[in-house]
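Student: Below: one structure in structure tokens.
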Amino acid sequence: MSCMDEVTKRQVRGVVELARDAVDGTAVALLRAHGDIARSAYRILAKVKPIAPAVRAIEEAQQVAMECVYGTISMTSVVTATAVIAALDIVDAQFSRSRTTGSGVQE
């Protein structure tokens, strides 16, 4: 016997996975939107010949920084979801073990 029935466990896993996917999808969408806004500003600044090389370098640095930030957000959601699901599995296994060994948990 476990602390949750199978339907509830699937629902909890589904909610965790949905939250993970929502965070990831939002991070990707924000990266694109942020990139589009930045590119339009850099496109205008790049037309000024004396500063064009610096503008391109700054644009590239900003793109790398944005990819790192939004990538970190996405990866954090994946790691968090994985940890939550693993924790649920551990709690469920311990609960099941205590029920079968009679270690003081009342039914």
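We name chains A, B, ... following the order of the structure tokens; residues begin at 1 in each chain, and ligands are numbered from 1 as shown.
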Just want the 10 Å neighbourhood of Ala27 (chain A), counted on only C-alpha atoms, with same-chain residues fewer than 6 positions away dropped. Output as a PyMOL selection string.

Tutor: chain A and resi 21+33+67+69-74

Student: Which residues are close to Glu60 (chain A), i.e. within 12 Å by only C-alpha atoms, leaving aside same-chain residues fewer than 5 positions away? Reply as a tab-separated table (two decimals) with N, CA and C atoms, in the first residue's frame.

Tutor:
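Dumped everything to result19.tsv:
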```tsv
chain	number	residue	atom	x	y	z
A	35	GLY	N	15.25	38.85	-27.43
A	35	GLY	CA	16.19	38.91	-28.55
A	35	GLY	C	15.68	39.80	-29.67
A	38	ALA	N	16.00	43.46	-28.60
A	38	ALA	CA	17.40	43.88	-28.61
A	38	ALA	C	17.92	44.04	-30.04
A	39	ARG	N	17.59	43.08	-30.91
A	39	ARG	CA	18.06	43.16	-32.30
A	39	ARG	C	17.59	44.42	-33.01
A	42	TYR	N	19.82	47.22	-31.79
A	42	TYR	CA	21.18	47.09	-32.31
A	42	TYR	C	21.22	47.35	-33.82
A	53	PRO	N	31.22	48.27	-35.16
A	53	PRO	CA	31.89	47.07	-34.63
A	53	PRO	C	31.62	46.83	-33.14
A	54	ALA	N	31.62	47.91	-32.37
A	54	ALA	CA	31.34	47.77	-30.94
A	54	ALA	C	29.90	47.32	-30.71
A	55	VAL	N	28.99	47.84	-31.51
A	55	VAL	CA	27.58	47.46	-31.38
A	55	VAL	C	27.42	45.97	-31.63
A	65	ALA	N	24.61	36.19	-23.02
A	65	ALA	CA	24.13	36.36	-21.64
A	65	ALA	C	22.66	35.96	-21.52
A	66	MET	N	21.84	36.39	-22.49
A	66	MET	CA	20.42	36.04	-22.44
A	66	MET	C	20.23	34.53	-22.55
A	67	GLU	N	20.98	33.89	-23.44
A	67	GLU	CA	20.85	32.44	-23.59
A	67	GLU	C	21.25	31.72	-22.30
```

Student: Just list as a PyMOL selection string whatever in chain A DSSP marks as alpha helix (DSSP H).

Tutor: chain A and resi 6-45+52-101
